[in-house]
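The file upload28.pdb contains PDB, C-alpha atoms:
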```
ATOM      1  CA  MET A   1      41.256 -44.988  36.549  1.00  0.00           C
ATOM      2  CA  VAL A   2      38.751 -47.700  37.301  1.00  0.00           C
ATOM      3  CA  ILE A   3      36.322 -49.137  34.778  1.00  0.00           C
ATOM      4  CA  LYS A   4      32.867 -49.491  36.301  1.00  0.00           C
ATOM      5  CA  VAL A   5      30.369 -51.911  34.817  1.00  0.00           C
ATOM      6  CA  PHE A   6      26.826 -51.404  36.065  1.00  0.00           C
ATOM      7  CA  VAL A   7      24.949 -54.711  36.064  1.00  0.00           C
ATOM      8  CA  ALA A   8      21.737 -56.148  37.519  1.00  0.00           C
ATOM      9  CA  THR A   9      22.721 -59.455  39.102  1.00  0.00           C
ATOM     10  CA  SER A  10      19.138 -60.511  39.734  1.00  0.00           C
ATOM     11  CA  SER A  11      17.711 -59.432  36.355  1.00  0.00           C
ATOM     12  CA  GLY A  12      14.854 -61.523  35.054  1.00  0.00           C
ATOM     13  CA  SER A  13      15.797 -60.736  31.407  1.00  0.00           C
ATOM     14  CA  THR A  14      17.906 -63.384  29.697  1.00  0.00           C
ATOM     15  CA  ALA A  15      19.051 -60.831  27.052  1.00  0.00           C
ATOM     16  CA  ILE A  16      20.362 -58.431  29.728  1.00  0.00           C
ATOM     17  CA  LYS A  17      22.113 -61.285  31.589  1.00  0.00           C
ATOM     18  CA  LYS A  18      23.758 -62.412  28.350  1.00  0.00           C
ATOM     19  CA  LYS A  19      25.031 -58.881  27.546  1.00  0.00           C
ATOM     20  CA  GLN A  20      26.364 -58.401  31.080  1.00  0.00           C
ATOM     21  CA  GLN A  21      28.212 -61.723  30.958  1.00  0.00           C
ATOM     22  CA  GLU A  22      29.755 -60.843  27.596  1.00  0.00           C
ATOM     23  CA  VAL A  23      31.124 -57.501  28.861  1.00  0.00           C
ATOM     24  CA  VAL A  24      32.409 -58.913  32.158  1.00  0.00           C
ATOM     25  CA  GLY A  25      33.865 -62.022  30.461  1.00  0.00           C
ATOM     26  CA  PHE A  26      35.719 -59.887  27.877  1.00  0.00           C
ATOM     27  CA  LEU A  27      37.208 -57.595  30.530  1.00  0.00           C
ATOM     28  CA  GLU A  28      38.337 -60.568  32.633  1.00  0.00           C
ATOM     29  CA  ALA A  29      39.837 -62.380  29.617  1.00  0.00           C
ATOM     30  CA  ASN A  30      41.831 -59.269  28.623  1.00  0.00           C
ATOM     31  CA  LYS A  31      42.941 -58.649  32.239  1.00  0.00           C
ATOM     32  CA  ILE A  32      41.322 -55.202  32.271  1.00  0.00           C
ATOM     33  CA  ASP A  33      40.686 -54.054  35.836  1.00  0.00           C
ATOM     34  CA  PHE A  34      37.042 -53.209  36.491  1.00  0.00           C
ATOM     35  CA  GLN A  35      34.465 -52.964  39.250  1.00  0.00           C
ATOM     36  CA  GLN A  36      31.095 -54.626  38.938  1.00  0.00           C
ATOM     37  CA  MET A  37      28.420 -52.294  40.267  1.00  0.00           C
ATOM     38  CA  ASP A  38      25.149 -54.049  41.077  1.00  0.00           C
ATOM     39  CA  ILE A  39      22.088 -51.870  40.572  1.00  0.00           C
ATOM     40  CA  ALA A  40      19.611 -54.568  41.705  1.00  0.00           C
ATOM     41  CA  GLY A  41      20.799 -54.745  45.307  1.00  0.00           C
ATOM     42  CA  ASP A  42      22.142 -51.178  45.672  1.00  0.00           C
ATOM     43  CA  GLU A  43      19.816 -48.227  45.252  1.00  0.00           C
ATOM     44  CA  ASP A  44      22.729 -45.713  45.214  1.00  0.00           C
ATOM     45  CA  ASN A  45      24.351 -47.516  42.257  1.00  0.00           C
ATOM     46  CA  ARG A  46      21.068 -47.547  40.355  1.00  0.00           C
ATOM     47  CA  LYS A  47      20.502 -43.840  41.031  1.00  0.00           C
ATOM     48  CA  TRP A  48      24.074 -42.879  40.054  1.00  0.00           C
ATOM     49  CA  MET A  49      23.916 -44.890  36.819  1.00  0.00           C
ATOM     50  CA  ARG A  50      20.565 -43.380  35.787  1.00  0.00           C
ATOM     51  CA  GLU A  51      21.768 -39.830  36.487  1.00  0.00           C
ATOM     52  CA  ASN A  52      25.100 -40.194  34.666  1.00  0.00           C
ATOM     53  CA  VAL A  53      24.029 -41.887  31.448  1.00  0.00           C
ATOM     54  CA  PRO A  54      23.745 -39.061  28.848  1.00  0.00           C
ATOM     55  CA  GLY A  55      20.241 -38.161  27.683  1.00  0.00           C
ATOM     56  CA  GLU A  56      20.765 -39.314  24.077  1.00  0.00           C
ATOM     57  CA  LYS A  57      21.755 -42.776  25.340  1.00  0.00           C
ATOM     58  CA  LYS A  58      18.630 -43.217  27.445  1.00  0.00           C
ATOM     59  CA  PRO A  59      15.672 -45.163  26.000  1.00  0.00           C
ATOM     60  CA  GLN A  60      12.292 -43.506  25.467  1.00  0.00           C
ATOM     61  CA  ASN A  61      11.094 -44.302  28.986  1.00  0.00           C
ATOM     62  CA  GLY A  62      14.244 -42.552  30.334  1.00  0.00           C
ATOM     63  CA  ILE A  63      15.508 -45.590  32.278  1.00  0.00           C
ATOM     64  CA  PRO A  64      18.814 -46.944  30.906  1.00  0.00           C
ATOM     65  CA  LEU A  65      19.248 -50.689  31.107  1.00  0.00           C
ATOM     66  CA  PRO A  66      22.407 -52.499  32.194  1.00  0.00           C
ATOM     67  CA  PRO A  67      25.137 -53.122  31.289  1.00  0.00           C
ATOM     68  CA  GLN A  68      26.365 -49.507  31.301  1.00  0.00           C
ATOM     69  CA  ILE A  69      30.126 -48.844  31.250  1.00  0.00           C
ATOM     70  CA  PHE A  70      31.989 -45.925  32.850  1.00  0.00           C
ATOM     71  CA  ASN A  71      35.645 -44.982  33.318  1.00  0.00           C
ATOM     72  CA  GLU A  72      35.442 -43.430  36.787  1.00  0.00           C
ATOM     73  CA  GLU A  73      32.885 -40.614  36.215  1.00  0.00           C
ATOM     74  CA  ARG A  74      33.248 -40.581  32.387  1.00  0.00           C
ATOM     75  CA  TYR A  75      30.572 -42.395  30.429  1.00  0.00           C
ATOM     76  CA  CYS A  76      31.980 -44.927  27.918  1.00  0.00           C
ATOM     77  CA  GLY A  77      28.811 -46.475  26.521  1.00  0.00           C
ATOM     78  CA  ASP A  78      26.182 -49.188  26.617  1.00  0.00           C
ATOM     79  CA  PHE A  79      26.420 -52.774  25.341  1.00  0.00           C
ATOM     80  CA  GLU A  80      25.898 -51.786  21.680  1.00  0.00           C
ATOM     81  CA  SER A  81      28.766 -49.242  21.819  1.00  0.00           C
ATOM     82  CA  PHE A  82      30.961 -51.789  23.609  1.00  0.00           C
ATOM     83  CA  PHE A  83      30.199 -54.451  20.982  1.00  0.00           C
ATOM     84  CA  SER A  84      31.017 -52.075  18.070  1.00  0.00           C
ATOM     85  CA  ALA A  85      34.315 -51.032  19.689  1.00  0.00           C
ATOM     86  CA  LYS A  86      35.217 -54.701  20.218  1.00  0.00           C
ATOM     87  CA  GLU A  87      34.492 -55.514  16.563  1.00  0.00           C
ATOM     88  CA  GLU A  88      36.625 -52.567  15.360  1.00  0.00           C
ATOM     89  CA  ASN A  89      39.511 -53.442  17.718  1.00  0.00           C
ATOM     90  CA  ILE A  90      39.256 -50.075  19.478  1.00  0.00           C
ATOM     91  CA  ILE A  91      38.057 -51.315  22.861  1.00  0.00           C
ATOM     92  CA  TYR A  92      40.858 -49.553  24.792  1.00  0.00           C
ATOM     93  CA  SER A  93      39.996 -46.217  23.158  1.00  0.00           C
ATOM     94  CA  PHE A  94      36.344 -46.898  23.984  1.00  0.00           C
ATOM     95  CA  LEU A  95      37.234 -47.496  27.635  1.00  0.00           C
ATOM     96  CA  GLY A  96      39.582 -44.483  27.720  1.00  0.00           C
ATOM     97  CA  LEU A  97      42.626 -46.677  28.397  1.00  0.00           C
ATOM     98  CA  ALA A  98      46.050 -46.848  26.764  1.00  0.00           C
ATOM     99  CA  PRO A  99      46.277 -50.024  24.659  1.00  0.00           C
ATOM    100  CA  PRO A 100      48.947 -52.483  25.883  1.00  0.00           C
ATOM    101  CA  PRO A 101      51.868 -53.105  23.486  1.00  0.00           C
ATOM    102  CA  GLY A 102      51.395 -55.887  20.960  1.00  0.00           C
ATOM    103  CA  THR A 103      47.623 -55.488  20.632  1.00  0.00           C
ATOM    104  CA  LYS A 104      45.920 -54.781  17.315  1.00  0.00           C
ATOM    105  CA  GLU A 105      44.857 -51.396  18.662  1.00  0.00           C
ATOM    106  CA  THR A 106      48.507 -50.439  19.308  1.00  0.00           C
ATOM    107  CA  GLU A 107      49.407 -51.404  15.734  1.00  0.00           C
ATOM    108  CA  LYS A 108      46.449 -49.341  14.532  1.00  0.00           C
ATOM    109  CA  SER A 109      47.470 -46.278  16.550  1.00  0.00           C
ATOM    110  CA  ASP A 110      51.105 -46.665  15.377  1.00  0.00           C
ATOM    111  CA  ALA A 111      49.926 -46.818  11.773  1.00  0.00           C
ATOM    112  CA  LYS A 112      47.775 -43.754  12.417  1.00  0.00           C
ATOM    113  CA  GLU A 113      50.754 -41.890  13.864  1.00  0.00           C
ATOM    114  CA  GLU A 114      52.934 -42.851  10.881  1.00  0.00           C
ATOM    115  CA  LYS A 115      50.197 -41.694   8.545  1.00  0.00           C
ATOM    116  CA  SER A 116      49.838 -38.354  10.342  1.00  0.00           C
ATOM    117  CA  ASP A 117      53.646 -37.912  10.249  1.00  0.00           C
ATOM    118  CA  ALA A 118      53.626 -38.587   6.508  1.00  0.00           C
ATOM    119  CA  VAL A 119      50.789 -36.084   6.028  1.00  0.00           C
ATOM    120  CA  GLU A 120      52.723 -33.523   8.084  1.00  0.00           C
ATOM    121  CA  GLU A 121      55.879 -34.046   5.979  1.00  0.00           C
ATOM    122  CA  LYS A 122      53.840 -33.721   2.803  1.00  0.00           C
ATOM    123  CA  SER A 123      52.248 -30.453   3.959  1.00  0.00           C
ATOM    124  CA  GLU A 124      55.690 -29.087   4.928  1.00  0.00           C
ATOM    125  CA  ALA A 125      57.021 -29.976   1.457  1.00  0.00           C
ATOM    126  CA  THR A 126      54.004 -28.271  -0.128  1.00  0.00           C
ATOM    127  CA  GLU A 127      54.653 -25.144   1.980  1.00  0.00           C
ATOM    128  CA  GLU A 128      58.311 -25.064   0.891  1.00  0.00           C
ATOM    129  CA  LYS A 129      57.239 -25.489  -2.739  1.00  0.00           C
ATOM    130  CA  SER A 130      54.730 -22.631  -2.526  1.00  0.00           C
ATOM    131  CA  GLU A 131      57.364 -20.394  -0.871  1.00  0.00           C
ATOM    132  CA  ALA A 132      59.797 -21.181  -3.710  1.00  0.00           C
ATOM    133  CA  THR A 133      57.084 -20.393  -6.276  1.00  0.00           C
ATOM    134  CA  GLU A 134      56.373 -17.100  -4.501  1.00  0.00           C
ATOM    135  CA  GLU A 135      60.064 -16.141  -4.577  1.00  0.00           C
ATOM    136  CA  LYS A 136      60.247 -17.057  -8.275  1.00  0.00           C
ATOM    137  CA  SER A 137      57.214 -14.937  -9.163  1.00  0.00           C
ATOM    138  CA  GLU A 138      58.674 -12.000  -7.198  1.00  0.00           C
ATOM    139  CA  ALA A 139      61.934 -12.338  -9.144  1.00  0.00           C
ATOM    140  CA  VAL A 140      59.999 -12.416 -12.432  1.00  0.00           C
ATOM    141  CA  GLU A 141      58.073  -9.288 -11.402  1.00  0.00           C
ATOM    142  CA  GLU A 142      61.336  -7.468 -10.590  1.00  0.00           C
ATOM    143  CA  THR A 143      62.810  -8.447 -13.970  1.00  0.00           C
ATOM    144  CA  GLU A 144      59.707  -7.238 -15.800  1.00  0.00           C
ATOM    145  CA  THR A 145      59.768  -3.920 -13.934  1.00  0.00           C
ATOM    146  CA  HIS A 146      63.478  -3.507 -14.739  1.00  0.00           C
ATOM    147  CA  THR A 147      62.834  -4.210 -18.441  1.00  0.00           C
ATOM    148  CA  GLU A 148      59.968  -1.702 -18.527  1.00  0.00           C
ATOM    149  CA  ASP A 149      62.178   0.981 -16.935  1.00  0.00           C
ATOM    150  CA  LYS A 150      64.883   0.344 -19.525  1.00  0.00           C
ATOM    151  CA  ALA A 151      62.357   0.545 -22.342  1.00  0.00           C
ATOM    152  CA  ASP A 152      61.052   3.859 -20.984  1.00  0.00           C
ATOM    153  CA  GLU A 153      64.610   5.268 -20.842  1.00  0.00           C
ATOM    154  CA  GLY A 154      65.365   4.262 -24.443  1.00  0.00           C
ATOM    155  CA  ALA A 155      62.075   5.530 -25.861  1.00  0.00           C
ATOM    156  CA  PRO A 156      62.842   9.318 -26.042  1.00  0.00           C
ATOM    157  CA  GLU A 157      66.128   8.718 -27.905  1.00  0.00           C
ATOM    158  CA  GLU A 158      64.340   6.577 -30.487  1.00  0.00           C
ATOM    159  CA  ALA A 159      61.642   9.207 -30.847  1.00  0.00           C
ATOM    160  CA  GLN A 160      64.248  11.899 -31.428  1.00  0.00           C
ATOM    161  CA  SER A 161      66.038   9.831 -34.045  1.00  0.00           C
ATOM    162  CA  ASP A 162      62.716   9.309 -35.866  1.00  0.00           C
ATOM    163  CA  GLN A 163      61.928  13.012 -35.916  1.00  0.00           C
ATOM    164  CA  ALA A 164      65.278  14.632 -36.795  1.00  0.00           C
ATOM    165  CA  PRO A 165      67.465  13.260 -39.638  1.00  0.00           C
ATOM    166  CA  SER A 166      71.075  12.548 -38.713  1.00  0.00           C
ATOM    167  CA  GLU A 167      73.975  14.788 -39.780  1.00  0.00           C
ATOM    168  CA  ASP A 168      75.139  12.189 -42.336  1.00  0.00           C
ATOM    169  CA  GLN A 169      71.714  12.144 -43.959  1.00  0.00           C
ATOM    170  CA  GLN A 170      71.716  15.962 -44.094  1.00  0.00           C
ATOM    171  CA  GLU A 171      75.135  16.038 -45.800  1.00  0.00           C
ATOM    172  CA  ASN A 172      74.048  13.426 -48.338  1.00  0.00           C
ATOM    173  CA  LYS A 173      71.017  15.492 -49.243  1.00  0.00           C
ATOM    174  CA  GLU A 174      73.150  18.611 -49.754  1.00  0.00           C
ATOM    175  CA  GLU A 175      75.647  16.690 -51.910  1.00  0.00           C
ATOM    176  CA  HIS A 176      72.823  15.407 -54.120  1.00  0.00           C
ATOM    177  CA  ALA A 177      71.546  18.913 -54.521  1.00  0.00           C
ATOM    178  CA  VAL A 178      74.993  20.228 -55.613  1.00  0.00           C
ATOM    179  CA  THR A 179      75.668  17.403 -58.084  1.00  0.00           C
ATOM    180  CA  GLY A 180      72.178  17.829 -59.479  1.00  0.00           C
ATOM    181  CA  GLU A 181      72.851  21.515 -60.224  1.00  0.00           C
ATOM    182  CA  GLU A 182      76.185  20.694 -61.888  1.00  0.00           C
ATOM    183  CA  GLU A 183      74.554  18.075 -64.106  1.00  0.00           C
ATOM    184  CA  GLU A 184      71.901  20.566 -65.188  1.00  0.00           C
ATOM    185  CA  LYS A 185      74.575  23.159 -66.035  1.00  0.00           C
ATOM    186  CA  GLN A 186      76.515  20.584 -68.067  1.00  0.00           C
ATOM    187  CA  GLU A 187      73.407  19.643 -70.020  1.00  0.00           C
ATOM    188  CA  GLU A 188      72.698  23.309 -70.746  1.00  0.00           C
ATOM    189  CA  GLY A 189      76.279  23.833 -71.943  1.00  0.00           C
ATOM    190  CA  GLU A 190      76.068  20.809 -74.248  1.00  0.00           C
ATOM    191  CA  GLY A 191      72.768  22.064 -75.675  1.00  0.00           C
ATOM    192  CA  ASN A 192      74.305  25.465 -76.472  1.00  0.00           C
ATOM    193  CA  GLU A 193      77.293  23.866 -78.285  1.00  0.00           C
ATOM    194  CA  GLU A 194      74.973  21.793 -80.461  1.00  0.00           C
ATOM    195  CA  ALA A 195      72.945  24.887 -81.410  1.00  0.00           C
ATOM    196  CA  GLU A 196      76.110  26.760 -82.397  1.00  0.00           C
ATOM    197  CA  GLU A 197      77.284  23.871 -84.561  1.00  0.00           C
ATOM    198  CA  GLN A 198      73.967  23.734 -86.388  1.00  0.00           C
ATOM    199  CA  GLU A 199      74.071  27.503 -87.048  1.00  0.00           C
ATOM    200  CA  GLU A 200      77.575  27.263 -88.501  1.00  0.00           C
ATOM    201  CA  SER A 201      76.551  24.468 -90.871  1.00  0.00           C
TER     202      SER A 201
END
```
Could you express the structure from this file as structure tokens?
Amino acid sequence: MVIKVFVATSSGSTAIKKKQQEVVGFLEANKIDFQQMDIAGDEDNRKWMRENVPGEKKPQNGIPLPPQIFNEERYCGDFESFFSAKEENIIYSFLGLAPPPGTKETEKSDAKEEKSDAVEEKSEATEEKSEATEEKSEAVEETETHTEDKADEGAPEEAQSDQAPSEDQQENKEEHAVTGEEEEKQEEGEGNEEAEEQEES
């Protein structure tokens, strides 16, 4: 994987020269292997660069200005994209390269990995919790169904006991009736004795 930086060595624009120097200087300082592709002296390079810069990255006149950065055939970006990536410490991601150990970008990606692991663990815990809740609700449903069945079984017996009086109650009623008759007879007998006594006197 070779980083290609398309530059115009004989550009008359000071701004373009400055941008090109910044990109090349940064790559050299960070020991990132790259090839400098001159579009001023090589028509093929100029043609290839113009054809391979995506449409949305081309200016209104359709001619992209150097520096333009590629990783082999893959477009990385122009100077503005490069500058933003450098500021955010994601230059290796921008170039499509693995960051070397000990760089800020490695620390960032490690932190990202840790974060994603933590998120994964959290989601697993949530899944387990929801499964447990599901099981609990199923158990509750079963209990409720069981209780309802029991209630339905007991209902006819209760209904019967409401409708028909028990044998004990029946006997009590009959006893009351008998004692009531006896009491009436006694009262009648007493009344007759009193009448007889009065007649004799």
For this file, the PyMOL selection byres ((chain A and resi 47-50) around 9) selects which residues, as a PyMOL selection string? chain A and resi 6+39+42-46+51-54+58+62-65+68
>> So that I can see what lies close to range 17-21 of chain A, please list as a PyMOL selection string the residues with an atom at most 12 Å from it, counting all atoms listed in the file and leaving out residues fewer than 6 positions away in the same chain.
In response: chain A and resi 5-11+27-29+36-38+65-69+78-83
For a test of reading the model, state the distance in Å between CA of Tyr75 in chain A and CA of Gly12 in chain A, rounded to one decimal.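 CA of Gly12 in chain A lies at a distance of 25.2 Å from CA of Tyr75 in chain A.
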Check your understanding: Given the file above and the PyMOL selection byres ((chain A and resi 94-106) around 12), which residues are selected, and can you give them as JSON, numbers by chain?
Key -> {"A": [1, 2, 3, 4, 5, 23, 27, 30, 31, 32, 33, 34, 68, 69, 70, 71, 72, 73, 74, 75, 76, 77, 78, 79, 80, 81, 82, 83, 84, 85, 86, 87, 88, 89, 90, 91, 92, 93, 107, 108, 109, 110, 111, 112, 113]}
inquiry  = Please report the interatomic distance between CA of Lys129 in chain A and CA of Thr143 in chain A in Å with one decimal.
reply    =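 Value for the CA of Lys129 in chain A-CA of Thr143 in chain A distance: 21.2 Å.
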Could you jot down the CA of Ile16 in chain A to CA of Gly55 in chain A separation for me, Å, one decimal place?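 According to the coordinates, CA of Ile16 in chain A and CA of Gly55 in chain A are separated by 20.4 Å.
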